[in-house]
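So the structure is just underneath, and the comments pick up after that.
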Amino acid sequence: MSTEGLDDGVVPRRASYAQLAKQVLYREYLIFVRYPANAVGGIVIALFFFGVLFYGGEMVAGRALTDSLAGIIVGYFLWTLSVGAYSSISNDIGSEVQWGTLERHVMTPFGFAPVALCKGAAKVVRTFLTSALILAVMLALTDTTLQVPVVTVVVIAGFSIVSVLGLGFAAGGITVLYKQVGNWLNLLQFGFVVLISAPVFELGWTRLLPLAHGSALLQRAMIDGTRLWEFAPADLALLVGVAVGYLAFGYVVFQYATRRARRLGVLGDY
Amino acid sequence: MTAADDSGSGGWSDSESRQDADSAGTVGRDRLRADRVGPESSADTAVAVEGLSKRFGSGPDATTAVDGVSLTVDRGAIVGLLGPNGAGKTTLVKSILGMVLPDEGTVRIDGIDARERPRAAYSRVDALLEGARNDYWRLTVRENLRYFATVSGVDPDSVAARHDRLLDRLDLSDHADVAVRDLSRGMKQKVSLASVLAGGADVVFLDEPTLGLDVESARTLQTELRRLAADEGLTVVLSSHNMDVVETVCDRVVIMSDGRIVADDAVDALLGGDDTHEVHVASADFDPPLLDDLRERLDLTVVPLEEGARIEATVDSDGLYALMAQLRTEDVTLDRVRTVEPDLEDVFVDVTAEGPQR
């Protein structure tokens with residue numbers, strides 16, 4: 001055993017938010033590759049549901065489904081992304097409680113909410129990779145061709161699911177406060193199907209809902225081949241505004257809920 | 001932007017940032033200590049709690065978990081926190097750590113008010129609250145240390161050498177790149193402690209740190225805790241039901257019951273530093289008149305034996321001399337003499353039964 005001092009005169013440097021993001025992302029990667037059953041299971045389940053949707057729909061609707069297949073694939077791609085973003089924070093909080101590590105994230109000098117957001121964003125990155133794989137398999141399975149301008153898709157899909165990340169943030173906060181409600185909140189992810197297929201052209205106000213406007217833009221990008229710079233500035237501004245708005249809403253709810261959980265003494269009690 | 005620069009909700013103000021981070025973004029302990037001294041604490045006080053109360057529920061169903069607790073913990077001290085289940089220990093510790101918001105009272109860490117400036121206050125505090133599951137089992141030991149150092153607000157590269165030394169001290173060097181899940185329970189517990197210390201915290205709260213450890217591992221951990229306190233100025237608040245660990249490791253013990261502190265003293269003082277001794281003397285020469293005489297002068301218990309009796313007396317030094325002198329005068333042959341040293345468990349049982357502050 002060593003007998004020298006632990007720091008040996010070296011003064012530790014403060015970590016930056018960039019270093020926090022890097023470590024959180026790296027941890028997410030490590031957890032992803034070291035829980036292969038979880039990683040592969042999620043992909044298999046997503047593809048199974050798509051298989052049921054595709055082959056079942058083909059039997060029932062026949063050509064009508066084939067005609068709208070590209071739209072369904074884009075929508076399903078966005079839905080898998082959304083589910084990952086929405087459940088990322090509340091699931092992560094549940095895991096941290098189970099692992100006994102939540103308290104250490106509450107005590108961090110970065111603040112609980114920024115760290116939770118950082119971890120949620122890391123999960124979104126992970127979800128992007130798995131959803132991209134699911135997209136590729138869906139295209140191969142259905143022999144469908146879509147345009148995938150990477151920058152356009154990443155930007156539009158990214159901002160689209162930031163709004164859902166905001167909802168997930170709120171759900172995470174409520175999960176901290178009311179543990180049982182968290183499971184019910186997870187059911188809301190099926191409501192994303194409605195948002196993704198919202199009639200934004202007929203009902204303009206639905207563009208203010210999460211996902212709806214982004215979904216419409218993503219369809220144009222992947223089916224019509226519209227590039228990012230070809231969209232109207234107002235469309236892009238609305239995309240960003242909705243994303244920021246819902247994220248801010250989720251952040252405020254999360255802060256309020258965790259503060260109330262601390263007052264009630266239920267933080268970390270599952 | 002660094003952790004110290006953040007001024008988000010509940011975060012640090014600009015003045016706070018200027019105060020707590022120097023231009024190089026380093027964590028200068030001595031300078032911080034000098035800056036952080038508050039009115040309720042001295043420069044040597046790491047934790048100061050004043051009038052802390054916490055009630056859960058409302059109306060007739062309300063429960064007072066912590067009732068006006070005040071205490072200070074000096075820098076470099078190891079303080080044991082004891083109490084029966086439901087005494088309020090966990091609520092007190094969580095209130096100090098900011099995981100529970102108290103109804104009344106203040107908490108200062110290194111002189112910083114934890115309610116006014118939580119991030120600054122907790123930047124040098126870490127805790128092991130859940131026994132072995134305090135880190136990620138799928139990550140390696142070193143990966144855990146780097147991750148939790150970062151979460152604690154410290155650049156992991158700047159403490160890499162510290163991590164090596166920490167692993168060496170805790171006999172974990174050979175397992176640094178092994179996933180925690182593949183380690184024994186004792187090693188997992190040591191990894192938990194290492195990850196708590198990875199960010200260079202000045203103050204750590206440890207809940208049952210030796211739970212599940214074998215004798216040797218528990219001793220290593222106890223020795224290391226004492227050395228860290230002595231050499232590094234580490235302040236430890238240790239909560240455990242293992243009285244031997246508390247007695248061996250802690251300088252001071254705080255005992256809680258029904259949400260209040262019922263004893264707060266140095267371990268030696270609690271164990272009889274008030275010059276009282278319990279002695280057991282067995283002899284075949286004890287006859288009824290002598291025993292009656294002794295009963296009149298001493299707080300005495302007489303246990304009849306097959307031959308003679310055994311007397312059990314609690315006396316101070318003068319009383320012990322007087323007792324022995326009398327037995328000599330009465331020509332009593334001492335068959336067996338035993339001094340009973342009180343242990344912390346005895347003190348704990350007495351104090352929690354009595355209730356009032358010692």
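FYI, nothing fancy with the structure tokens labels: chains A, B, ... in order, residues from 1 per chain, ligands from 1 as they appear.
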
Next on the checklist: Based on the backbone DSSP call, show me all residues of region 183-285 of chain B assigned strand (DSSP E), as a PyMOL selection string.
Outcome noted: chain B and resi 203-207+235-239+252-257+260-266+276-283

Do a neighbour search on Ala353 (chain B) at 12 Å with only C-alpha atoms, toss out local chain neighbours closer than 5 positions, and write the hits as a PDB file with N, CA and C atoms, in the first residue's frame.
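Printed below is around.pdb as written:
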ATOM      1  N   GLY B  83     -28.220   5.510  16.177  1.00  0.00           N
ATOM      2  CA  GLY B  83     -29.608   5.670  16.601  1.00  0.00           C
ATOM      3  C   GLY B  83     -30.402   4.456  16.190  1.00  0.00           C
ATOM      4  N   PRO B  84     -31.449   4.152  16.936  1.00  0.00           N
ATOM      5  CA  PRO B  84     -32.294   3.020  16.523  1.00  0.00           C
ATOM      6  C   PRO B  84     -33.026   3.354  15.228  1.00  0.00           C
ATOM      7  N   ILE B 255     -25.540  10.337  19.128  1.00  0.00           N
ATOM      8  CA  ILE B 255     -26.614   9.337  19.199  1.00  0.00           C
ATOM      9  C   ILE B 255     -27.955  10.052  19.116  1.00  0.00           C
ATOM     10  N   MET B 256     -28.799   9.569  18.224  1.00  0.00           N
ATOM     11  CA  MET B 256     -30.127  10.170  18.049  1.00  0.00           C
ATOM     12  C   MET B 256     -31.219   9.227  18.520  1.00  0.00           C
ATOM     13  N   SER B 257     -32.284   9.810  19.003  1.00  0.00           N
ATOM     14  CA  SER B 257     -33.474   9.041  19.364  1.00  0.00           C
ATOM     15  C   SER B 257     -34.676   9.960  19.219  1.00  0.00           C
ATOM     16  N   ASP B 258     -35.706   9.477  18.566  1.00  0.00           N
ATOM     17  CA  ASP B 258     -36.922  10.257  18.345  1.00  0.00           C
ATOM     18  C   ASP B 258     -36.644  11.630  17.739  1.00  0.00           C
ATOM     19  N   VAL B 262     -29.453  12.677  21.636  1.00  0.00           N
ATOM     20  CA  VAL B 262     -29.522  12.339  23.058  1.00  0.00           C
ATOM     21  C   VAL B 262     -28.134  12.150  23.656  1.00  0.00           C
ATOM     22  N   ALA B 263     -27.140  12.087  22.821  1.00  0.00           N
ATOM     23  CA  ALA B 263     -25.761  12.045  23.316  1.00  0.00           C
ATOM     24  C   ALA B 263     -24.850  12.549  22.214  1.00  0.00           C
ATOM     25  N   ASP B 346     -23.464  -0.877  25.072  1.00  0.00           N
ATOM     26  CA  ASP B 346     -24.056  -0.621  26.386  1.00  0.00           C
ATOM     27  C   ASP B 346     -24.473   0.849  26.506  1.00  0.00           C
ATOM     28  N   VAL B 347     -23.544   1.705  26.090  1.00  0.00           N
ATOM     29  CA  VAL B 347     -23.828   3.143  26.172  1.00  0.00           C
ATOM     30  C   VAL B 347     -25.051   3.483  25.314  1.00  0.00           C
ATOM     31  N   PHE B 348     -25.064   2.915  24.120  1.00  0.00           N
ATOM     32  CA  PHE B 348     -26.164   3.177  23.186  1.00  0.00           C
ATOM     33  C   PHE B 348     -27.506   2.769  23.795  1.00  0.00           C
TER      34      PHE B 348
END

Item to check | Spatial neighbours of region 119-126 of chain B, max dist 7 Å, only C-alpha atoms, sep filter under 4 positions, as number ranges by chain | outcome: A: 107-109, 111; B: 11-12, 109, 112-114, 152-153, 196, 201-205

Let me see the file: selected residues, N, CA and C atoms, as a PDB file, in the first residue's frame.
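Saved file out11.pdb follows:
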ATOM      1  N   MET A 107     -26.493  15.572  -5.908  1.00  0.00           N
ATOM      2  CA  MET A 107     -25.543  16.406  -5.172  1.00  0.00           C
ATOM      3  C   MET A 107     -24.504  17.086  -6.063  1.00  0.00           C
ATOM      4  N   THR A 108     -24.502  16.764  -7.334  1.00  0.00           N
ATOM      5  CA  THR A 108     -23.459  17.278  -8.210  1.00  0.00           C
ATOM      6  C   THR A 108     -23.438  18.813  -8.246  1.00  0.00           C
ATOM      7  N   PRO A 109     -22.256  19.402  -8.292  1.00  0.00           N
ATOM      8  CA  PRO A 109     -22.197  20.869  -8.391  1.00  0.00           C
ATOM      9  C   PRO A 109     -22.704  21.390  -9.735  1.00  0.00           C
ATOM     10  N   GLY A 111     -25.594  20.586 -10.817  1.00  0.00           N
ATOM     11  CA  GLY A 111     -27.049  20.667 -10.655  1.00  0.00           C
ATOM     12  C   GLY A 111     -27.710  19.431 -11.242  1.00  0.00           C
TER      13      GLY A 111
ATOM     14  N   GLY B  11     -28.658  27.785  -8.524  1.00  0.00           N
ATOM     15  CA  GLY B  11     -27.219  27.622  -8.703  1.00  0.00           C
ATOM     16  C   GLY B  11     -26.415  28.728  -8.070  1.00  0.00           C
ATOM     17  N   TRP B  12     -25.227  28.967  -8.615  1.00  0.00           N
ATOM     18  CA  TRP B  12     -24.313  29.911  -8.022  1.00  0.00           C
ATOM     19  C   TRP B  12     -24.483  31.288  -8.638  1.00  0.00           C
ATOM     20  N   ILE B 109     -21.809  24.009   4.960  1.00  0.00           N
ATOM     21  CA  ILE B 109     -20.695  23.125   4.617  1.00  0.00           C
ATOM     22  C   ILE B 109     -19.506  24.030   4.314  1.00  0.00           C
ATOM     23  N   ILE B 112     -20.406  27.545   4.006  1.00  0.00           N
ATOM     24  CA  ILE B 112     -21.337  27.988   2.964  1.00  0.00           C
ATOM     25  C   ILE B 112     -22.742  27.515   3.299  1.00  0.00           C
ATOM     26  N   ASP B 113     -23.697  28.428   3.254  1.00  0.00           N
ATOM     27  CA  ASP B 113     -25.080  28.071   3.530  1.00  0.00           C
ATOM     28  C   ASP B 113     -25.606  27.187   2.395  1.00  0.00           C
ATOM     29  N   ALA B 114     -25.987  25.961   2.747  1.00  0.00           N
ATOM     30  CA  ALA B 114     -26.379  24.987   1.723  1.00  0.00           C
ATOM     31  C   ALA B 114     -27.686  25.345   1.038  1.00  0.00           C
ATOM     32  N   SER B 152     -18.756  14.919  -9.798  1.00  0.00           N
ATOM     33  CA  SER B 152     -18.449  15.720  -8.606  1.00  0.00           C
ATOM     34  C   SER B 152     -17.860  17.072  -8.965  1.00  0.00           C
ATOM     35  N   GLY B 153     -17.719  17.321 -10.261  1.00  0.00           N
ATOM     36  CA  GLY B 153     -17.253  18.639 -10.687  1.00  0.00           C
ATOM     37  C   GLY B 153     -15.760  18.746 -10.867  1.00  0.00           C
ATOM     38  N   VAL B 196     -16.465   7.455  -4.111  1.00  0.00           N
ATOM     39  CA  VAL B 196     -16.886   8.609  -3.303  1.00  0.00           C
ATOM     40  C   VAL B 196     -15.706   9.570  -3.096  1.00  0.00           C
ATOM     41  N   ALA B 201     -13.389  14.850  -2.493  1.00  0.00           N
ATOM     42  CA  ALA B 201     -14.298  15.493  -1.534  1.00  0.00           C
ATOM     43  C   ALA B 201     -13.609  15.718  -0.195  1.00  0.00           C
ATOM     44  N   ASP B 202     -13.935  16.826   0.442  1.00  0.00           N
ATOM     45  CA  ASP B 202     -13.402  17.120   1.774  1.00  0.00           C
ATOM     46  C   ASP B 202     -14.245  16.470   2.863  1.00  0.00           C
ATOM     47  N   VAL B 203     -15.538  16.331   2.562  1.00  0.00           N
ATOM     48  CA  VAL B 203     -16.481  15.798   3.543  1.00  0.00           C
ATOM     49  C   VAL B 203     -17.236  14.629   2.912  1.00  0.00           C
ATOM     50  N   VAL B 204     -17.221  13.492   3.577  1.00  0.00           N
ATOM     51  CA  VAL B 204     -17.992  12.357   3.043  1.00  0.00           C
ATOM     52  C   VAL B 204     -18.923  11.813   4.121  1.00  0.00           C
ATOM     53  N   PHE B 205     -20.093  11.412   3.659  1.00  0.00           N
ATOM     54  CA  PHE B 205     -21.079  10.775   4.533  1.00  0.00           C
ATOM     55  C   PHE B 205     -21.146   9.302   4.119  1.00  0.00           C
TER      56      PHE B 205
END

Next on the checklist: Using only C-alpha atoms, can you tell me which of A:Leu69, A:Val176, A:Leu81, A:Ala18 comes closest to Phe192 (chain A)?
Outcome noted: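 Smallest separation from Phe192 (chain A) among the options: A:Leu81.
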
Item to check | At most 9 Å to chain B: residues in chain A, only C-alpha atoms, as a PyMOL selection string | outcome: chain A and resi 1-8+10-20+23-24+26-27+30-31+34-35+98-111+114-115+255+259-268

Write the selection just made, keeping N, CA and C atoms, as a compact mmCIF listing (two decimals), in the first residue's frame?
# COMPACT_ATOMS: atom_id res chain seq x y z
N MET A 1 0.82 -1.21 0.00
CA MET A 1 0.00 0.00 0.00
C MET A 1 0.86 1.26 0.00
N SER A 2 0.38 2.26 -0.67
CA SER A 2 1.13 3.51 -0.74
C SER A 2 1.01 4.27 0.58
N THR A 3 2.04 5.02 0.88
CA THR A 3 1.98 5.85 2.09
C THR A 3 1.98 7.33 1.74
N GLU A 4 2.08 7.65 0.44
CA GLU A 4 2.11 9.06 0.08
C GLU A 4 0.69 9.64 0.09
N GLY A 5 0.64 11.00 0.09
CA GLY A 5 -0.66 11.66 0.10
C GLY A 5 -1.41 11.39 -1.19
N LEU A 6 -2.73 11.44 -1.10
CA LEU A 6 -3.53 11.12 -2.29
C LEU A 6 -3.34 12.13 -3.41
N ASP A 7 -3.33 13.40 -3.05
CA ASP A 7 -3.21 14.42 -4.08
C ASP A 7 -1.77 14.77 -4.38
N ASP A 8 -0.88 14.51 -3.42
CA ASP A 8 0.54 14.73 -3.61
C ASP A 8 0.81 16.14 -4.14
N VAL A 10 -0.94 18.00 -5.98
CA VAL A 10 -1.61 18.35 -7.24
C VAL A 10 -3.00 18.88 -6.92
N VAL A 11 -3.31 20.05 -7.48
CA VAL A 11 -4.63 20.64 -7.23
C VAL A 11 -5.58 20.23 -8.35
N PRO A 12 -6.70 19.59 -8.00
CA PRO A 12 -7.64 19.16 -9.05
C PRO A 12 -8.23 20.36 -9.79
N ARG A 13 -8.46 20.17 -11.09
CA ARG A 13 -9.12 21.21 -11.89
C ARG A 13 -10.61 20.96 -11.92
N ARG A 14 -11.37 22.05 -12.05
CA ARG A 14 -12.82 21.90 -12.17
C ARG A 14 -13.18 21.31 -13.53
N ALA A 15 -14.20 20.50 -13.55
CA ALA A 15 -14.67 19.92 -14.81
C ALA A 15 -15.58 20.92 -15.51
N SER A 16 -15.50 20.97 -16.82
CA SER A 16 -16.38 21.83 -17.60
C SER A 16 -17.64 21.05 -17.98
N TYR A 17 -18.64 21.76 -18.48
CA TYR A 17 -19.84 21.08 -18.96
C TYR A 17 -19.51 20.17 -20.14
N ALA A 18 -18.52 20.58 -20.95
CA ALA A 18 -18.12 19.74 -22.09
C ALA A 18 -17.55 18.41 -21.58
N GLN A 19 -16.76 18.48 -20.50
CA GLN A 19 -16.21 17.24 -19.95
C GLN A 19 -17.31 16.38 -19.34
N LEU A 20 -18.28 17.05 -18.71
CA LEU A 20 -19.42 16.29 -18.18
C LEU A 20 -20.15 15.58 -19.32
N GLN A 23 -18.14 12.61 -20.56
CA GLN A 23 -18.18 11.46 -19.66
C GLN A 23 -19.55 10.79 -19.66
N VAL A 24 -20.61 11.60 -19.71
CA VAL A 24 -21.96 11.04 -19.72
C VAL A 24 -22.19 10.24 -21.00
N TYR A 26 -19.85 8.87 -22.86
CA TYR A 26 -18.98 7.68 -22.82
C TYR A 26 -19.61 6.62 -21.92
N ARG A 27 -20.17 7.06 -20.78
CA ARG A 27 -20.83 6.10 -19.89
C ARG A 27 -22.01 5.46 -20.60
N LEU A 30 -20.75 2.85 -22.87
CA LEU A 30 -20.30 1.66 -22.12
C LEU A 30 -21.50 0.83 -21.64
N ILE A 31 -22.50 1.53 -21.11
CA ILE A 31 -23.70 0.81 -20.64
C ILE A 31 -24.37 0.10 -21.82
N ARG A 34 -22.35 -2.92 -22.87
CA ARG A 34 -22.20 -3.95 -21.83
C ARG A 34 -23.54 -4.50 -21.34
N TYR A 35 -24.62 -3.94 -21.84
CA TYR A 35 -25.94 -4.54 -21.64
C TYR A 35 -26.48 -4.92 -23.02
N GLN A 98 -32.38 2.39 -8.85
CA GLN A 98 -32.13 0.96 -8.68
C GLN A 98 -30.66 0.69 -8.39
N TRP A 99 -29.79 1.46 -9.04
CA TRP A 99 -28.35 1.25 -8.87
C TRP A 99 -27.80 1.99 -7.66
N GLY A 100 -28.62 2.80 -7.01
CA GLY A 100 -28.16 3.54 -5.83
C GLY A 100 -27.25 4.70 -6.18
N THR A 101 -27.37 5.21 -7.39
CA THR A 101 -26.49 6.29 -7.83
C THR A 101 -27.22 7.62 -8.02
N LEU A 102 -28.53 7.64 -7.77
CA LEU A 102 -29.29 8.87 -8.02
C LEU A 102 -28.81 10.02 -7.14
N GLU A 103 -28.59 9.72 -5.86
CA GLU A 103 -28.22 10.77 -4.93
C GLU A 103 -26.95 11.51 -5.37
N ARG A 104 -26.04 10.76 -5.95
CA ARG A 104 -24.79 11.38 -6.35
C ARG A 104 -24.99 12.34 -7.52
N HIS A 105 -26.04 12.09 -8.30
CA HIS A 105 -26.35 13.02 -9.38
C HIS A 105 -27.16 14.21 -8.87
N VAL A 106 -27.82 14.03 -7.73
CA VAL A 106 -28.55 15.15 -7.13
C VAL A 106 -27.56 16.12 -6.49
N MET A 107 -26.49 15.57 -5.91
CA MET A 107 -25.54 16.41 -5.17
C MET A 107 -24.50 17.09 -6.06
N THR A 108 -24.50 16.76 -7.33
CA THR A 108 -23.46 17.28 -8.21
C THR A 108 -23.44 18.81 -8.25
N PRO A 109 -22.26 19.40 -8.29
CA PRO A 109 -22.20 20.87 -8.39
C PRO A 109 -22.70 21.39 -9.73
N PHE A 110 -22.89 20.51 -10.71
CA PHE A 110 -23.48 20.94 -11.99
C PHE A 110 -24.98 21.19 -11.84
N GLY A 111 -25.59 20.59 -10.82
CA GLY A 111 -27.05 20.67 -10.66
C GLY A 111 -27.71 19.43 -11.24
N PRO A 114 -29.42 19.93 -14.99
CA PRO A 114 -28.50 19.92 -16.14
C PRO A 114 -27.88 18.54 -16.39
N VAL A 115 -27.58 17.82 -15.31
CA VAL A 115 -26.99 16.49 -15.50
C VAL A 115 -28.04 15.54 -16.09
N GLN A 255 -37.73 20.79 -12.44
CA GLN A 255 -37.18 21.53 -11.30
C GLN A 255 -38.20 21.60 -10.17
N ARG A 259 -37.88 19.56 -6.59
CA ARG A 259 -37.85 20.37 -5.36
C ARG A 259 -38.96 19.90 -4.41
N ARG A 260 -40.13 19.62 -4.96
CA ARG A 260 -41.23 19.16 -4.12
C ARG A 260 -40.91 17.76 -3.56
N ALA A 261 -40.25 16.94 -4.36
CA ALA A 261 -39.86 15.61 -3.88
C ALA A 261 -38.88 15.73 -2.71
N ARG A 262 -38.00 16.72 -2.79
CA ARG A 262 -37.05 16.94 -1.68
C ARG A 262 -37.80 17.42 -0.44
N ARG A 263 -38.81 18.26 -0.67
CA ARG A 263 -39.58 18.74 0.49
C ARG A 263 -40.35 17.61 1.14
N LEU A 264 -40.90 16.72 0.31
CA LEU A 264 -41.66 15.59 0.84
C LEU A 264 -40.75 14.45 1.31
N GLY A 265 -39.47 14.56 0.98
CA GLY A 265 -38.53 13.51 1.39
C GLY A 265 -38.69 12.23 0.62
N VAL A 266 -39.13 12.31 -0.63
CA VAL A 266 -39.36 11.09 -1.41
C VAL A 266 -38.37 10.94 -2.56
N LEU A 267 -37.39 11.83 -2.63
CA LEU A 267 -36.40 11.73 -3.69
C LEU A 267 -35.60 10.45 -3.49
N GLY A 268 -35.60 9.62 -4.50
CA GLY A 268 -34.82 8.39 -4.41
C GLY A 268 -35.55 7.24 -3.77

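Using only C-alpha atoms, the protein and nucleic acid residues lying no more than 12 Å from Asp214 (chain B), apart from those fewer than 4 places from it along its own chain, are Ser184, Arg185, Gly186, Met187, Gln189, Lys190, Thr210, Ala218, Arg219, Thr220 and Leu221 of chain B.
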
Checklist entry - To one decimal place, how far is CA of Asp264 (chain B) from CA of Glu345 (chain B) in Å? => result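 CA of Glu345 (chain B) lies at a distance of 14.8 Å from CA of Asp264 (chain B).
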
Can you pull out every residue within 10 Å of Pro199 (chain A), counting only C-alpha atoms, but drop anything in the same chain fewer than 5 positions away, and send it as a compact mmCIF listing (two decimals) with N, CA and C atoms, in the first residue's frame?
# COMPACT_ATOMS: atom_id res chain seq x y z
N VAL A 194 -50.32 9.76 -32.92
CA VAL A 194 -51.29 10.79 -33.30
C VAL A 194 -50.57 12.09 -33.64
N GLY A 204 -53.80 24.13 -38.76
CA GLY A 204 -52.49 24.78 -38.58
C GLY A 204 -51.99 24.81 -37.15
N TRP A 205 -52.93 24.93 -36.21
CA TRP A 205 -52.50 25.04 -34.81
C TRP A 205 -51.81 23.77 -34.31
N THR A 206 -52.05 22.65 -34.98
CA THR A 206 -51.41 21.41 -34.51
C THR A 206 -49.89 21.46 -34.69
N ARG A 207 -49.44 22.42 -35.49
CA ARG A 207 -47.98 22.57 -35.65
C ARG A 207 -47.31 22.95 -34.33
N ALA A 212 -45.50 17.26 -34.39
CA ALA A 212 -46.37 17.39 -35.54
C ALA A 212 -45.68 18.12 -36.70
N HIS A 213 -45.19 19.32 -36.43
CA HIS A 213 -44.55 20.13 -37.48
C HIS A 213 -43.26 19.44 -37.96
N ALA A 216 -43.94 16.61 -40.32
CA ALA A 216 -44.29 17.06 -41.67
C ALA A 216 -43.03 17.44 -42.44

Item to check | Counting only C-alpha atoms, the option among A:Val252, A:Val33, A:Ala234, A:Ala121 closest to Val164 (chain A) | outcome: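 Answer, going by the shortest atom-to-atom distance: A:Ala121.
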
Next on the checklist: Taking only region 155-192 of chain A into account, list the residues labelled alpha helix (DSSP H) by DSSP (computed from the backbone), as an MDAnalysis selection string.
Outcome noted: chainID A and resid 155:177 179:185 192

Residues from the last selection, C-alpha atoms, saved as a PDB file, in the first residue's frame:
ATOM      1  CA  VAL A 155     -31.328  18.484 -37.762  1.00  0.00           C
ATOM      2  CA  ILE A 156     -35.070  18.134 -38.353  1.00  0.00           C
ATOM      3  CA  ALA A 157     -35.476  14.853 -36.505  1.00  0.00           C
ATOM      4  CA  GLY A 158     -33.214  16.198 -33.760  1.00  0.00           C
ATOM      5  CA  PHE A 159     -35.286  19.318 -33.158  1.00  0.00           C
ATOM      6  CA  SER A 160     -38.494  17.293 -33.472  1.00  0.00           C
ATOM      7  CA  ILE A 161     -37.518  14.975 -30.659  1.00  0.00           C
ATOM      8  CA  VAL A 162     -36.133  17.766 -28.485  1.00  0.00           C
ATOM      9  CA  SER A 163     -39.770  18.728 -27.924  1.00  0.00           C
ATOM     10  CA  VAL A 164     -40.456  15.145 -26.836  1.00  0.00           C
ATOM     11  CA  LEU A 165     -37.340  15.238 -24.671  1.00  0.00           C
ATOM     12  CA  GLY A 166     -38.996  18.190 -22.951  1.00  0.00           C
ATOM     13  CA  LEU A 167     -42.106  16.097 -22.306  1.00  0.00           C
ATOM     14  CA  GLY A 168     -39.840  13.310 -21.074  1.00  0.00           C
ATOM     15  CA  PHE A 169     -38.155  15.782 -18.752  1.00  0.00           C
ATOM     16  CA  ALA A 170     -41.528  16.682 -17.268  1.00  0.00           C
ATOM     17  CA  ALA A 171     -42.454  12.998 -17.033  1.00  0.00           C
ATOM     18  CA  GLY A 172     -39.133  12.295 -15.311  1.00  0.00           C
ATOM     19  CA  GLY A 173     -39.853  14.975 -12.739  1.00  0.00           C
ATOM     20  CA  ILE A 174     -43.334  13.631 -12.116  1.00  0.00           C
ATOM     21  CA  THR A 175     -41.873  10.129 -11.836  1.00  0.00           C
ATOM     22  CA  VAL A 176     -39.562  11.353  -9.099  1.00  0.00           C
ATOM     23  CA  LEU A 177     -42.552  12.742  -7.262  1.00  0.00           C
ATOM     24  CA  LYS A 179     -43.465   6.802  -8.643  1.00  0.00           C
ATOM     25  CA  GLN A 180     -46.486   4.844  -9.779  1.00  0.00           C
ATOM     26  CA  VAL A 181     -47.640   7.566 -12.143  1.00  0.00           C
ATOM     27  CA  GLY A 182     -44.393   7.138 -14.052  1.00  0.00           C
ATOM     28  CA  ASN A 183     -45.488   3.801 -15.477  1.00  0.00           C
ATOM     29  CA  TRP A 184     -48.741   5.321 -16.710  1.00  0.00           C
ATOM     30  CA  LEU A 185     -46.900   8.245 -18.236  1.00  0.00           C
ATOM     31  CA  PHE A 192     -46.971  10.134 -30.352  1.00  0.00           C
TER      32      PHE A 192
END

Next on the checklist: Env of region 70-73 of chain A: 7 Å cut, atoms = only C-alpha atoms, seq-sep filter 3 positions within chain, self excluded. Answer as a PyMOL selection string.
Outcome noted: chain A and resi 76-77+219+223

I need the residues from that last selection saved to file as a PDB file, in the first residue's frame (with C-alpha atoms), if you can.
ATOM      1  CA  TYR A  76     -42.184   4.860 -37.598  1.00  0.00           C
ATOM      2  CA  PHE A  77     -38.575   6.042 -37.676  1.00  0.00           C
ATOM      3  CA  GLN A 219     -41.668  13.617 -44.557  1.00  0.00           C
ATOM      4  CA  ILE A 223     -39.825  11.506 -49.367  1.00  0.00           C
TER       5      ILE A 223
END

Checklist entry - What lies within 10 Å of Val44 (chain A) using only C-alpha atoms, ignoring chain neighbours under 6 positions off, as an MDAnalysis selection string? => result chainID A and resid 38 50 134

Only N, CA and C atoms, please: the residues just picked out, written as a short mmCIF file (atom, residue, chain, number, x, y, z; two decimals), in the first residue's frame.
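Saved as result.cif:
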data_model
loop_
_atom_site.label_atom_id
_atom_site.label_comp_id
_atom_site.auth_asym_id
_atom_site.auth_seq_id
_atom_site.Cartn_x
_atom_site.Cartn_y
_atom_site.Cartn_z
N ASN A 38 -30.24 -5.71 -23.60
CA ASN A 38 -31.13 -4.55 -23.65
C ASN A 38 -31.08 -3.86 -25.00
N PHE A 50 -42.90 -3.33 -36.24
CA PHE A 50 -42.99 -2.85 -37.62
C PHE A 50 -43.40 -3.99 -38.54
N ILE A 134 -32.72 0.58 -37.35
CA ILE A 134 -34.09 0.11 -37.58
C ILE A 134 -34.60 0.61 -38.94
#
